[in-house]
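Undergrad: Dropping in query_23.cif, which is mmCIF, C-alpha atoms and all ligand atoms:
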data_input
loop_
_atom_site.label_atom_id
_atom_site.label_comp_id
_atom_site.auth_asym_id
_atom_site.auth_seq_id
_atom_site.Cartn_x
_atom_site.Cartn_y
_atom_site.Cartn_z
CA MET A 1 0.66 17.35 -19.99
CA SER A 2 3.23 17.21 -17.23
CA ALA A 3 6.49 16.47 -19.04
CA THR A 4 9.26 18.95 -19.71
CA ILE A 5 9.75 19.27 -23.46
CA ILE A 6 13.38 18.76 -24.45
CA ASP A 7 13.79 21.27 -27.26
CA GLY A 8 16.17 19.68 -29.76
CA LYS A 9 15.95 22.61 -32.14
CA ALA A 10 17.20 25.06 -29.52
CA PHE A 11 19.80 22.57 -28.26
CA ALA A 12 21.09 22.01 -31.80
CA ALA A 13 21.39 25.78 -32.29
CA ARG A 14 23.54 25.94 -29.14
CA VAL A 15 25.74 23.09 -30.38
CA ARG A 16 26.18 24.81 -33.76
CA ALA A 17 27.07 28.09 -32.02
CA GLN A 18 29.68 26.27 -29.92
CA VAL A 19 31.10 24.61 -33.05
CA ALA A 20 31.20 27.95 -34.90
CA GLU A 21 32.97 29.65 -31.99
CA HIS A 22 35.61 26.93 -31.87
CA ILE A 23 36.14 27.13 -35.63
CA THR A 24 36.69 30.89 -35.44
CA ARG A 25 39.46 30.20 -32.92
CA LEU A 26 40.95 27.40 -35.05
CA LYS A 27 41.11 29.75 -38.01
CA SER A 28 42.66 32.67 -36.19
CA GLU A 29 45.06 30.74 -33.95
CA HIS A 30 46.03 27.86 -36.24
CA GLY A 31 44.96 28.85 -39.77
CA LEU A 32 42.86 25.69 -39.82
CA THR A 33 39.45 25.42 -41.51
CA PRO A 34 37.71 22.07 -40.95
CA GLY A 35 36.36 20.52 -44.16
CA LEU A 36 33.48 18.09 -44.64
CA ALA A 37 33.00 16.11 -47.85
CA VAL A 38 29.57 14.64 -48.49
CA VAL A 39 29.15 12.02 -51.21
CA LEU A 40 25.70 11.44 -52.68
CA VAL A 41 25.14 8.68 -55.21
CA GLY A 42 21.89 8.85 -57.18
CA GLU A 43 18.85 11.04 -56.75
CA ASP A 44 16.93 9.74 -53.76
CA PRO A 45 14.78 12.81 -52.88
CA ALA A 46 15.09 12.43 -49.09
CA SER A 47 18.89 12.07 -49.37
CA GLN A 48 19.06 15.17 -51.55
CA VAL A 49 17.25 17.19 -48.88
CA TYR A 50 19.58 15.87 -46.14
CA VAL A 51 22.67 16.63 -48.20
CA ARG A 52 21.46 20.15 -48.97
CA ASN A 53 20.78 20.85 -45.29
CA LYS A 54 24.13 19.42 -44.26
CA GLY A 55 25.97 21.58 -46.82
CA LYS A 56 24.12 24.72 -45.73
CA GLN A 57 24.77 24.19 -42.01
CA THR A 58 28.40 23.22 -42.62
CA VAL A 59 29.05 26.56 -44.33
CA GLU A 60 27.09 28.48 -41.66
CA VAL A 61 29.43 27.30 -38.88
CA GLY A 62 32.48 28.31 -40.94
CA MET A 63 33.61 24.95 -42.33
CA THR A 64 34.42 24.10 -45.92
CA SER A 65 31.68 21.99 -47.48
CA ILE A 66 32.44 19.84 -50.51
CA GLU A 67 29.66 17.90 -52.20
CA HIS A 68 30.26 15.08 -54.65
CA ARG A 69 27.07 14.19 -56.50
CA LEU A 70 27.53 11.00 -58.49
CA GLU A 71 25.25 9.34 -61.02
CA ALA A 72 23.05 6.48 -59.75
CA ASP A 73 24.95 4.03 -61.96
CA THR A 74 28.41 5.01 -60.64
CA SER A 75 30.58 1.92 -60.38
CA GLU A 76 31.85 0.68 -57.03
CA ALA A 77 35.44 1.12 -58.24
CA ASP A 78 34.83 4.80 -59.04
CA LEU A 79 33.15 5.43 -55.69
CA LEU A 80 35.98 3.72 -53.81
CA ASP A 81 38.52 5.78 -55.78
CA LEU A 82 36.78 8.97 -54.72
CA VAL A 83 36.71 7.87 -51.06
CA ARG A 84 40.45 7.06 -51.20
CA LYS A 85 41.20 10.49 -52.69
CA LEU A 86 39.22 12.18 -49.91
CA ASN A 87 41.07 10.04 -47.34
CA VAL A 88 44.39 11.65 -48.33
CA ASP A 89 43.10 15.18 -48.95
CA PRO A 90 44.49 17.30 -46.08
CA LYS A 91 41.71 19.90 -46.46
CA ILE A 92 39.07 17.27 -45.74
CA HIS A 93 38.62 16.18 -42.10
CA GLY A 94 35.25 14.47 -42.36
CA ILE A 95 33.82 12.19 -45.04
CA LEU A 96 30.17 11.21 -45.15
CA VAL A 97 28.76 8.85 -47.76
CA GLN A 98 25.01 9.39 -47.74
CA LEU A 99 23.08 6.17 -47.17
CA PRO A 100 21.23 4.30 -48.53
CA LEU A 101 23.45 3.62 -51.55
CA PRO A 102 21.98 2.14 -54.76
CA ASP A 103 21.67 -1.66 -54.60
CA HIS A 104 24.66 -2.45 -56.82
CA LEU A 105 27.05 -0.81 -54.33
CA ASN A 106 28.34 -2.60 -51.24
CA SER A 107 27.69 -0.11 -48.42
CA GLU A 108 29.84 -1.95 -45.89
CA LEU A 109 32.83 -1.98 -48.24
CA VAL A 110 32.39 1.70 -49.05
CA ILE A 111 32.03 2.76 -45.40
CA ASN A 112 34.98 0.60 -44.34
CA THR A 113 37.13 2.24 -47.02
CA ILE A 114 36.75 5.64 -45.34
CA ASP A 115 39.72 6.56 -43.15
CA PRO A 116 38.31 5.86 -39.63
CA ALA A 117 39.73 9.19 -38.42
CA LYS A 118 37.55 10.95 -41.04
CA ASP A 119 34.49 8.71 -40.54
CA VAL A 120 32.25 11.41 -39.06
CA ASP A 121 29.19 9.14 -39.27
CA GLY A 122 30.96 6.69 -36.94
CA PHE A 123 29.91 3.66 -39.01
CA HIS A 124 33.39 2.30 -39.87
CA ILE A 125 33.99 -1.07 -38.25
CA SER A 126 37.02 0.35 -36.36
CA ASN A 127 34.88 3.05 -34.80
CA VAL A 128 32.19 0.51 -33.93
CA GLY A 129 34.85 -1.58 -32.16
CA LEU A 130 36.41 1.42 -30.41
CA LEU A 131 33.01 2.54 -29.11
CA GLY A 132 32.20 -1.01 -27.98
CA THR A 133 35.44 -1.22 -26.01
CA GLY A 134 35.08 2.25 -24.48
CA GLN A 135 37.92 3.82 -26.45
CA THR A 136 38.07 7.17 -28.20
CA SER A 137 36.18 6.91 -31.48
CA MET A 138 33.98 8.80 -33.90
CA VAL A 139 30.46 8.31 -32.54
CA PRO A 140 27.34 8.02 -34.75
CA CYS A 141 25.60 11.39 -34.88
CA THR A 142 22.02 10.52 -33.90
CA PRO A 143 22.90 8.57 -30.73
CA LEU A 144 25.48 11.23 -29.84
CA GLY A 145 22.75 13.86 -30.08
CA CYS A 146 20.49 11.79 -27.81
CA LEU A 147 23.31 11.37 -25.29
CA MET A 148 24.00 15.12 -25.23
CA MET A 149 20.34 15.87 -24.52
CA LEU A 150 20.17 13.22 -21.79
CA ARG A 151 23.34 14.49 -20.09
CA ASP A 152 22.04 18.04 -20.28
CA HIS A 153 18.72 17.07 -18.73
CA HIS A 154 19.94 14.64 -16.05
CA GLY A 155 23.51 15.66 -15.33
CA SER A 156 24.84 12.23 -14.37
CA LEU A 157 23.19 9.18 -15.96
CA SER A 158 25.01 6.78 -13.64
CA GLY A 159 22.84 3.95 -12.31
CA LEU A 160 19.74 4.87 -14.28
CA ASN A 161 17.77 2.11 -16.02
CA ALA A 162 17.80 2.75 -19.76
CA VAL A 163 15.78 0.84 -22.33
CA VAL A 164 16.67 1.31 -25.99
CA VAL A 165 13.92 0.07 -28.28
CA GLY A 166 15.56 -0.92 -31.59
CA ARG A 167 18.87 -2.63 -32.29
CA SER A 168 20.00 -1.14 -35.60
CA ASN A 169 23.69 -0.53 -36.21
CA ILE A 170 23.14 3.17 -36.79
CA VAL A 171 20.95 4.02 -33.79
CA GLY A 172 19.98 1.29 -31.32
CA LYS A 173 23.29 -0.48 -30.76
CA PRO A 174 25.55 2.60 -30.55
CA MET A 175 22.94 4.29 -28.32
CA ALA A 176 23.08 1.35 -25.94
CA GLN A 177 26.90 1.46 -25.91
CA LEU A 178 26.89 5.17 -25.13
CA LEU A 179 24.43 4.74 -22.27
CA LEU A 180 26.52 1.88 -20.91
CA GLY A 181 29.57 4.13 -21.17
CA ASP A 182 27.72 6.61 -18.94
CA SER A 183 27.05 3.79 -16.45
CA CYS A 184 23.36 3.24 -17.14
CA THR A 185 21.91 -0.24 -16.69
CA VAL A 186 20.98 -0.90 -20.30
CA THR A 187 18.36 -3.14 -21.89
CA ILE A 188 17.96 -3.37 -25.66
CA ALA A 189 14.45 -4.29 -26.78
CA HIS A 190 13.58 -5.32 -30.34
CA SER A 191 10.90 -7.04 -32.39
CA ARG A 192 11.34 -10.38 -30.58
CA THR A 193 11.27 -8.91 -27.07
CA LYS A 194 8.57 -10.49 -24.92
CA ASN A 195 6.31 -8.27 -22.81
CA ILE A 196 7.91 -5.18 -24.28
CA ALA A 197 5.57 -2.75 -22.51
CA GLU A 198 6.64 -4.22 -19.19
CA VAL A 199 10.34 -3.95 -20.15
CA VAL A 200 9.93 -0.31 -21.18
CA GLY A 201 7.91 0.34 -18.02
CA LYS A 202 11.02 -0.26 -15.85
CA ALA A 203 13.05 2.41 -17.61
CA ASP A 204 14.15 5.76 -16.21
CA ILE A 205 15.26 6.54 -19.77
CA VAL A 206 13.51 5.25 -22.90
CA VAL A 207 15.10 5.74 -26.31
CA ALA A 208 12.74 4.76 -29.12
CA ALA A 209 14.37 3.93 -32.49
CA VAL A 210 11.90 1.57 -34.08
CA GLY A 211 10.45 3.11 -37.23
CA ARG A 212 6.85 2.36 -36.18
CA PRO A 213 4.58 5.40 -35.87
CA GLN A 214 3.48 6.14 -32.28
CA MET A 215 4.11 2.56 -31.14
CA ILE A 216 5.09 3.46 -27.58
CA THR A 217 2.13 4.75 -25.62
CA GLY A 218 1.80 6.44 -22.25
CA ASP A 219 0.66 3.27 -20.46
CA TRP A 220 4.14 1.76 -21.16
CA ILE A 221 6.00 4.63 -19.50
CA LYS A 222 7.11 4.78 -15.87
CA PRO A 223 5.89 8.07 -14.35
CA GLY A 224 8.66 10.64 -14.50
CA ALA A 225 10.80 8.77 -17.06
CA THR A 226 12.71 10.59 -19.80
CA VAL A 227 11.56 9.66 -23.30
CA ILE A 228 13.79 10.27 -26.31
CA ASP A 229 11.99 9.71 -29.60
CA VAL A 230 14.34 9.03 -32.52
CA GLY A 231 11.58 7.93 -34.90
CA ILE A 232 10.70 9.89 -38.00
CA ASN A 233 7.54 8.55 -39.65
CA ARG A 234 5.24 10.17 -42.15
CA ILE A 235 1.55 9.36 -41.65
CA PRO A 236 -1.55 10.46 -43.57
CA ASN A 237 -3.12 13.68 -42.31
CA GLY A 238 -6.22 14.46 -44.36
CA GLU A 239 -4.98 14.98 -47.90
CA LYS A 240 -1.45 15.66 -46.70
CA THR A 241 0.97 13.87 -44.39
CA ARG A 242 2.54 14.75 -41.07
CA LEU A 243 5.63 13.66 -39.18
CA VAL A 244 5.30 11.59 -36.03
CA GLY A 245 7.78 9.72 -33.91
CA ASP A 246 7.86 6.15 -32.62
CA VAL A 247 6.30 7.52 -29.43
CA ASP A 248 2.69 8.56 -29.02
CA PHE A 249 3.56 12.07 -27.86
CA ASP A 250 0.36 13.12 -26.11
CA SER A 251 -0.16 10.01 -23.99
CA CYS A 252 3.57 9.72 -23.12
CA ALA A 253 3.93 13.43 -22.30
CA ALA A 254 1.12 13.04 -19.76
CA VAL A 255 3.21 10.52 -17.79
CA ALA A 256 6.88 11.20 -18.59
CA GLY A 257 9.14 13.62 -16.73
CA ALA A 258 10.70 14.84 -19.97
CA ILE A 259 10.19 14.07 -23.64
CA THR A 260 11.53 15.04 -27.06
CA PRO A 261 8.95 16.11 -29.66
CA VAL A 262 8.86 15.06 -33.33
CA PRO A 263 9.66 17.18 -35.22
CA GLY A 264 12.04 19.40 -33.25
CA GLY A 265 13.65 16.82 -30.97
CA VAL A 266 16.35 14.38 -32.01
CA GLY A 267 16.21 15.30 -35.73
CA PRO A 268 17.94 18.71 -35.53
CA MET A 269 20.62 17.26 -33.23
CA THR A 270 21.80 14.79 -35.87
CA ILE A 271 23.28 17.39 -38.25
CA ALA A 272 24.57 19.47 -35.32
CA CYS A 273 26.48 16.38 -34.14
CA LEU A 274 27.82 15.78 -37.64
CA LEU A 275 29.34 19.27 -37.51
CA ALA A 276 30.65 18.59 -34.00
CA ASN A 277 32.23 15.33 -35.20
CA THR A 278 33.89 17.08 -38.15
CA LEU A 279 35.33 19.68 -35.79
CA THR A 280 36.53 16.93 -33.45
CA ALA A 281 38.15 15.08 -36.38
CA ALA A 282 39.93 18.27 -37.52
CA CYS A 283 41.26 18.90 -33.99
CA ARG A 284 42.46 15.31 -33.62
CA ALA A 285 44.12 15.32 -37.07
CA ASN A 286 46.11 18.39 -36.05
CA GLY A 287 46.95 17.34 -32.49
CA LEU A 288 44.81 20.14 -31.03
CA SER A 289 42.60 19.90 -27.97
CA GLU A 290 39.04 18.84 -28.68
CA PRO A 291 36.06 21.05 -27.88
CA SER A 292 34.51 20.05 -24.57
CA GLY A 293 30.95 18.76 -24.37
CA LEU A 294 30.76 17.85 -28.05
CA THR A 295 32.03 14.28 -27.88
CA ALA A 296 31.05 11.16 -25.96
P1 LIG B 1 15.80 0.01 -38.42
O1 LIG B 1 14.62 -0.35 -39.24
O2 LIG B 1 17.16 -0.26 -38.93
O3 LIG B 1 15.66 -0.71 -37.00
C1 LIG B 1 14.44 -0.74 -36.32
C2 LIG B 1 14.59 -1.53 -35.06
O4 LIG B 1 13.33 -1.54 -34.43
C3 LIG B 1 14.99 -2.99 -35.29
O5 LIG B 1 15.99 -3.35 -34.38
C4 LIG B 1 13.69 -3.76 -35.05
O6 LIG B 1 13.88 -5.00 -34.41
C5 LIG B 1 12.98 -2.86 -34.06
N1 LIG B 1 11.54 -3.05 -34.17
C6 LIG B 1 10.78 -3.06 -35.28
N2 LIG B 1 9.49 -3.30 -34.96
C7 LIG B 1 9.45 -3.48 -33.64
C8 LIG B 1 8.41 -3.75 -32.73
N3 LIG B 1 7.16 -3.92 -33.12
N4 LIG B 1 8.74 -3.87 -31.43
C9 LIG B 1 10.01 -3.70 -31.01
N5 LIG B 1 11.03 -3.41 -31.82
C10 LIG B 1 10.76 -3.31 -33.12
O7 LIG B 1 15.60 1.55 -38.07
P2 LIG B 1 16.65 2.67 -37.63
O8 LIG B 1 17.31 2.31 -36.36
O9 LIG B 1 17.48 3.05 -38.78
O10 LIG B 1 15.65 3.90 -37.39
C11 LIG B 1 14.67 3.85 -36.39
C12 LIG B 1 13.82 5.11 -36.50
O11 LIG B 1 14.62 6.24 -36.28
C13 LIG B 1 13.17 5.33 -37.87
O12 LIG B 1 11.92 5.96 -37.67
C14 LIG B 1 14.11 6.29 -38.56
O13 LIG B 1 13.46 7.09 -39.53
C15 LIG B 1 14.55 7.13 -37.39
N6 LIG B 1 15.85 7.77 -37.54
C16 LIG B 1 15.93 9.08 -37.20
C17 LIG B 1 17.12 9.74 -37.28
C18 LIG B 1 17.18 11.17 -36.87
O14 LIG B 1 18.05 11.89 -37.27
N7 LIG B 1 16.26 11.60 -35.97
C19 LIG B 1 18.33 9.09 -37.77
C20 LIG B 1 18.17 7.67 -38.01
C21 LIG B 1 16.96 7.05 -37.92
P3 LIG B 1 14.56 -6.28 -35.14
O15 LIG B 1 16.03 -5.97 -35.16
O16 LIG B 1 14.21 -7.40 -34.24
O17 LIG B 1 13.96 -6.34 -36.50
#
Would you encode the structure as structure tokens?
TA:
Amino acid sequence: MSATIIDGKAFAARVRAQVAEHITRLKSEHGLTPGLAVVLVGEDPASQVYVRNKGKQTVEVGMTSIEHRLEADTSEADLLDLVRKLNVDPKIHGILVQLPLPDHLNSELVINTIDPAKDVDGFHISNVGLLGTGQTSMVPCTPLGCLMMLRDHHGSLSGLNAVVVGRSNIVGKPMAQLLLGDSCTVTIAHSRTKNIAEVVGKADIVVAAVGRPQMITGDWIKPGATVIDVGINRIPNGEKTRLVGDVDFDSCAAVAGAITPVPGGVGPMTIACLLANTLTAACRANGLSEPSGLTA
């Protein structure tokens, strides 16, 4: 293996420490404690784990964490009422509605009811538009985490060829916008892309957000390229299962210049960036300067 391993776990710990330090200052100098409200509808086991981790880490950095756990059959009207109440609650600076929502709820309507200034997931249509036009916005956490790791590894990304594999609204598209914002030459590949291995093979930076276990193999990768693996896939491992990314780690690490592992790469950065976004939202809401290095 020749690639440098980009340690997302250690990076996320540094981000959390930076967030915590800034919050200590906010409290002592301005009497301000950032607050994050997380809304979970139903009992999806994976969502419950995410929400628990988010709550724990929110408290650890010194923020207020409020969880609203609603029954799976909660009506859309009740959910929207709760979101509107959180929108006007001055103690709450970030609102996250855990996705996926049960089928009877309109996710787009719910997300677009969140005050864009408190939309720490960055999924509100206003934030999507602001990001797309290069204006100050709340940026989706997972792509923000990828961007932070890429900036840290490369310094400037200007002029680099970046290929994002996947065009979802939550990862692929915002990732491509962020890389464009940092002056990369960006290609977005997806399930209809022809000769995808050849397309990926031209990239200095590959971001894989596909949801297909170990799809991208070392023979696709340009020697020395940086590979960011967003994928989280569970595959059988004897009688148990194990987590793998969208990248075949061993073959890609033999060719790449740097690579994120799964687990321990992009995953830990996502919650760290949620905390960073909540801090940023609290600073903006109070007209205070934003922490440096924690936004796009
Ligand atoms: P989606 O399913 O929403 O999107 C997947 C994208 O991959 C689509 O654009 C699809 O193309 C493309 N795709 C599917 N198959 C192929 C293929 N054979 N060749 C090329 N492109 C293909 O997934 P998400 O973006 O939500 O998530 C992607 C991965 O990232 C998942 O493994 C998910 O678990 C993980 N993830 C990890 C997070 C973290 O915190 N680390 C956070 C969010 C997601 P098309 O549009 O043409 O169908």
Undergrad: Set the cut-off to 6 Å, count only C-alpha atoms and all ligand atoms, and list whatever residues fall near ligand LIG 1 (chain B) as a ChimeraX atom specification.
TA: /A:142,165-168,170-172,190-192,209-211,230-233,266-267,270
Undergrad: What's the 6 Å shell around range 238-255 of chain A, counting all atoms listed in the file, without same-chain residues fewer than 4 positions away, as a ChimeraX atom specification?
TA: /A:1-3,212-218,223,231-234,262
Undergrad: Can you pull out every residue within 12 Å of Leu36 in chain A, counting only C-alpha atoms, but drop anything in the same chain fewer than 3 positions away, and send it as a count of residues only?
TA: 41
Undergrad: Take CA of Asn286 in chain A and CA of Cys146 in chain A and report the distance between them in Å, one decimal.
TA: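 Those two atoms sit 27.7 Å apart.
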Undergrad: Give me the residues within 10 Å of Leu26 in chain A as a compact mmCIF listing (two decimals) with C-alpha atoms, in the coordinates of the input, counting only C-alpha atoms and dropping any in the same chain fewer than 5 places off.
TA:
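selection_11.txt, freshly written:
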# COMPACT_ATOMS: atom_id res chain seq x y z
CA ALA A 20 31.20 27.95 -34.90
CA GLU A 21 32.97 29.65 -31.99
CA GLY A 31 44.96 28.85 -39.77
CA LEU A 32 42.86 25.69 -39.82
CA THR A 33 39.45 25.42 -41.51
CA PRO A 34 37.71 22.07 -40.95
CA LEU A 279 35.33 19.68 -35.79
CA ALA A 282 39.93 18.27 -37.52
CA CYS A 283 41.26 18.90 -33.99
CA LEU A 288 44.81 20.14 -31.03
Undergrad: Quick one, how far is CA of Ile271 in chain A from CA of Pro236 in chain A?
TA: 26.3 Å
Undergrad: Let me make sure I understand: among A:Lys194, A:Ala296, A:Ile259, A:Leu80, which one has the smallest atom-to-atom distance to Gly122 in chain A if we use all atoms listed in the file?
TA: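 Counting all atoms listed in the file, the residue closest to Gly122 in chain A is A:Ala296.
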Undergrad: From the set A:Ser126, A:Thr136, A:Lys9, A:Leu150, which residue has the shortest atom-to-atom contact distance to Glu290 in chain A, counting only C-alpha atoms?
TA: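 Ranking A:Ser126, A:Thr136, A:Lys9, A:Leu150 by distance to Glu290 in chain A, first place goes to A:Thr136.
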Undergrad: I'd like a table as a Markdown table: residues in range 205-249 of chain A with an atom no more than 12 Å from range 174-181 of chain A, each row giving the shortest atom pair and its distance in Å to one decimal, only C-alpha atoms counted, sorted by chain and rising residue number.
TA:
| residue | atom | partner | partner_atom | distance |
| --- | --- | --- | --- | --- |
| A:Ile205 | CA | A:Leu179 | CA | 9.7 |
| A:Val206 | CA | A:Ala176 | CA | 10.8 |
| A:Val207 | CA | A:Met175 | CA | 8.2 |
| A:Ala208 | CA | A:Met175 | CA | 10.2 |
| A:Ala209 | CA | A:Met175 | CA | 9.5 |
| A:Ile228 | CA | A:Met175 | CA | 11.1 |
| A:Val230 | CA | A:Met175 | CA | 10.7 |
Undergrad: For the residues selected in the previous step, produce a file with C-alpha atoms as a compact mmCIF listing (two decimals), in the coordinates of the input.
TA:
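That gives us part.txt:
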# COMPACT_ATOMS: atom_id res chain seq x y z
CA ILE A 205 15.26 6.54 -19.77
CA VAL A 206 13.51 5.25 -22.90
CA VAL A 207 15.10 5.74 -26.31
CA ALA A 208 12.74 4.76 -29.12
CA ALA A 209 14.37 3.93 -32.49
CA ILE A 228 13.79 10.27 -26.31
CA VAL A 230 14.34 9.03 -32.52
Undergrad: Work out how far CA of Glu76 in chain A is from CA of Leu105 in chain A, in Å to one decimal.
TA: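 Result for CA of Leu105 in chain A versus CA of Glu76 in chain A: 5.7 Å, one decimal.
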Undergrad: Restricting the calculation to all atoms listed in the file, which member of A:Val164, A:Ile221, A:Val128, A:Met138 is positioned closest to Thr193 in chain A?
TA: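 When distances to Thr193 in chain A are compared using all atoms listed in the file, the smallest one comes from A:Val164.
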Undergrad: Would you list the contacts of Ala203 in chain A as a VMD selection string, taking every protein, DNA or RNA residue within 6 Å and counting all atoms listed in the file, but skipping same-chain residues closer than 2 positions in sequence?
TA: chain A and resid 161 to 163 200 to 201 205
Undergrad: May I ask which of the residues A:Ala72, A:Cys184, A:Ala17, A:Ile111 is the closest one to Phe123 in chain A, counting only C-alpha atoms?
TA: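 Smallest separation from Phe123 in chain A among the options: A:Ile111.
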Undergrad: Taking (36.4, -1.8, -39.7) in the file's coordinates, which residues come within 12 Å, counting all atoms listed in the file, written as a list in words?
TA: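 Here the neighbourhood of the point contains Glu108, Leu109, Val110, Ile111, Asn112, Thr113, Ile114, Asp115, Pro116, Ala117, Asp119, Gly122, Phe123, His124, Ile125, Ser126, Asn127, Val128, Gly129, Leu130, Leu131 and Ser137 of chain A.
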Undergrad: Identify which of the residues A:Ser289, A:Thr295, A:Thr4, A:Asn195 lies closest to Ala272 in chain A, counting all atoms listed in the file when measuring atom-to-atom distances.
TA: A:Thr295
Undergrad: When distances are computed from all atoms listed in the file, which of A:Val88, A:Val83, A:Val139, A:Val186 shows the smallest separation from Gly159 in chain A?
TA: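 Among the listed residues, the smallest separation from Gly159 in chain A belongs to A:Val186.
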Undergrad: Could you write range 155-176 of chain A as a short mmCIF file (atom, residue, chain, number, x, y, z; two decimals), in the coordinates of the input, with N, CA and C atoms rebuilt where they are missing?
TA:
data_model
loop_
_atom_site.label_atom_id
_atom_site.label_comp_id
_atom_site.auth_asym_id
_atom_site.auth_seq_id
_atom_site.Cartn_x
_atom_site.Cartn_y
_atom_site.Cartn_z
N GLY A 155 22.19 15.61 -15.96
CA GLY A 155 23.51 15.66 -15.33
C GLY A 155 24.09 14.27 -15.44
N SER A 156 24.30 13.59 -14.31
CA SER A 156 24.84 12.23 -14.37
C SER A 156 23.75 11.22 -14.75
N LEU A 157 24.13 10.25 -15.60
CA LEU A 157 23.19 9.18 -15.96
C LEU A 157 23.49 7.90 -15.17
N SER A 158 24.50 7.97 -14.34
CA SER A 158 25.01 6.78 -13.64
C SER A 158 23.90 6.07 -12.84
N GLY A 159 23.77 4.78 -13.08
CA GLY A 159 22.84 3.95 -12.31
C GLY A 159 21.41 3.97 -12.80
N LEU A 160 21.12 4.83 -13.78
CA LEU A 160 19.74 4.87 -14.28
C LEU A 160 19.45 3.66 -15.17
N ASN A 161 18.20 3.20 -15.13
CA ASN A 161 17.77 2.11 -16.02
C ASN A 161 17.41 2.69 -17.37
N ALA A 162 18.10 2.24 -18.42
CA ALA A 162 17.80 2.75 -19.76
C ALA A 162 17.32 1.60 -20.63
N VAL A 163 16.24 1.83 -21.35
CA VAL A 163 15.78 0.84 -22.33
C VAL A 163 15.83 1.48 -23.72
N VAL A 164 16.60 0.86 -24.60
CA VAL A 164 16.67 1.31 -25.99
C VAL A 164 15.78 0.37 -26.80
N VAL A 165 14.79 0.91 -27.46
CA VAL A 165 13.92 0.07 -28.28
C VAL A 165 14.40 0.18 -29.73
N GLY A 166 14.93 -0.91 -30.25
CA GLY A 166 15.56 -0.92 -31.59
C GLY A 166 17.02 -1.31 -31.46
N ARG A 167 17.48 -2.15 -32.39
CA ARG A 167 18.87 -2.63 -32.29
C ARG A 167 19.61 -2.47 -33.62
N SER A 168 19.30 -1.36 -34.33
CA SER A 168 20.00 -1.14 -35.60
C SER A 168 21.45 -0.73 -35.33
N ASN A 169 22.28 -0.91 -36.36
CA ASN A 169 23.69 -0.53 -36.21
C ASN A 169 23.88 0.98 -36.16
N ILE A 170 22.91 1.72 -36.74
CA ILE A 170 23.14 3.17 -36.79
C ILE A 170 22.54 3.91 -35.60
N VAL A 171 21.54 3.32 -34.95
CA VAL A 171 20.95 4.02 -33.79
C VAL A 171 20.97 3.14 -32.53
N GLY A 172 20.21 2.05 -32.55
CA GLY A 172 19.98 1.29 -31.32
C GLY A 172 21.26 0.80 -30.65
N LYS A 173 22.09 0.09 -31.40
CA LYS A 173 23.29 -0.48 -30.76
C LYS A 173 24.26 0.59 -30.25
N PRO A 174 24.64 1.59 -31.11
CA PRO A 174 25.55 2.60 -30.55
C PRO A 174 24.92 3.38 -29.39
N MET A 175 23.61 3.59 -29.43
CA MET A 175 22.94 4.29 -28.32
C MET A 175 23.13 3.50 -27.03
N ALA A 176 22.93 2.19 -27.12
CA ALA A 176 23.08 1.35 -25.94
C ALA A 176 24.52 1.40 -25.42
#
